[in-house]
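> Structure incoming, see below.
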Amino acid sequence: MSREQRLLADAMLGRLATYLRMCGYDTVYAPDAGLTDDDDIHALARADGRTLLTRDRELGARAADAVVLTSKNIDDKLAELAAAGVELSLAEPCRCGNCNGRLERVSPTTETPEYAPDPAETDVWQCRSCGQRFWQGSHWEDVAGRLAGY
Ligand SMILES: [Zn+2]
């Protein structure tokens with residue numbers, strides 16, 4: 001599955017959605033998009049050409065290319081995704097882990113909020129939609145380590 005593939009993560013897969021965004025996938029998380037009804041979820045998947053990721057067998061069975069995950073544990077879910085052909089490795093930051101918005105590199109002279117490092121010293125990205133700053137810090141390293149086995 002190429003990084004161009006757009007994804008739709010069903011409820012309960014929020015953490016997985018964050019990881020997939022860090023891998024560069026355009027990933028909508030159904031509850032964030034206000035999608036609770038099965039028909040609405042399928043309608044968006046079809047309209048956007050998104051591959052549905054779900055733990056709900058019935059929901060998954062209704063889409064030709066859905067990936068149905070059976071594990072509860074995050075590592076096992078990642079293994080299931082890898083087995084389904086989803087490439088799992090971190091990409092240059094391009095998608096907001098919070099909202100799936102596009103990230104852009106912050107210029108070294110920009111003022112940054114307290115929680116983020118100085119962009120003159122560290123590469124920092126900002127979400128165009130929600131404004132959240134990202135950098136390749138300890139959380140990034142943790143996720144990189146978690147994904148290293150796939
Ligand atoms: Zn955002």
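By convention here, the chains of the structure tokens are called A, B, ... in the order presented, each chain's residues are numbered starting at 1, and ligands are numbered starting at 1 in the order presented.
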Quick one: residues within 8 Å of ligand 1, with only C-alpha atoms and all ligand atoms, as a list in words?
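Selection of residues at most 8 Å from ligand 1: Arg95, Cys96, Gly97, Asn98, Cys99, Asn100, Gly101, Arg102, Leu103, Gln126, Cys127, Arg128, Ser129, Cys130, Gly131 and Gln132 of chain A.
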> DSSP on the backbone, strand (DSSP E or B) only: what residues of region 22-139 of chain A does that give? Format it as a PyMOL selection string.
chain A and resi 27-29+50-54+67-68+95+102-105+124-127+133-135
> Take the residues just selected and output them with C-alpha atoms as a tab-separated table (two decimals), in the first residue's frame.

chain	number	residue	atom	x	y	z
A	27	THR	CA	-5.97	9.30	7.93
A	28	VAL	CA	-9.43	10.43	8.99
A	29	TYR	CA	-10.48	9.25	12.45
A	50	ARG	CA	-10.30	5.72	1.65
A	51	THR	CA	-9.42	2.26	2.88
A	52	LEU	CA	-11.47	1.53	5.99
A	53	LEU	CA	-9.66	0.25	9.07
A	54	THR	CA	-12.04	-1.18	11.64
A	67	VAL	CA	-8.78	-4.02	6.78
A	68	VAL	CA	-10.46	-5.71	9.75
A	95	ARG	CA	0.31	15.18	8.77
A	102	ARG	CA	-1.18	19.40	6.70
A	103	LEU	CA	2.04	20.38	8.44
A	104	GLU	CA	4.42	23.04	7.24
A	105	ARG	CA	7.93	23.75	8.38
A	124	VAL	CA	9.67	22.35	13.96
A	125	TRP	CA	6.48	21.84	11.95
A	126	GLN	CA	3.12	23.49	12.49
A	127	CYS	CA	-0.35	22.22	11.60
A	133	ARG	CA	3.67	22.28	16.70
A	134	PHE	CA	5.57	19.04	16.06
A	135	TRP	CA	9.22	18.08	16.19
> Could you tell me, as a VMD selection string, which residues of region 61-138 of chain A DSSP assigns to helix (DSSP H, G or I) when given the backbone?
chain A and resid 61 74 to 83 138
> Quick one: residues within 10 Å of Gln136 (chain A), only C-alpha atoms counted, chain neighbours fewer than 3 positions away excluded, as a list in words?
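Result of the neighbour search: Glu92, Pro93, Thr122, Asp123, Val124, Trp125, His139, Trp140, Glu141 and Ala144 of chain A.
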> For a test of reading the model, state the distance in Å between CA of Glu114 (chain A) and CA of Thr18 (chain A), rounded to one decimal.
22.8 Å
> Just want the 12 Å neighbourhood of Lys77 (chain A), counted on only C-alpha atoms, with same-chain residues fewer than 5 positions away dropped. Output as number ranges by chain.
A: 12-17, 19-20, 53-55, 67-72, 82-84, 86, 88, 146-147, 150
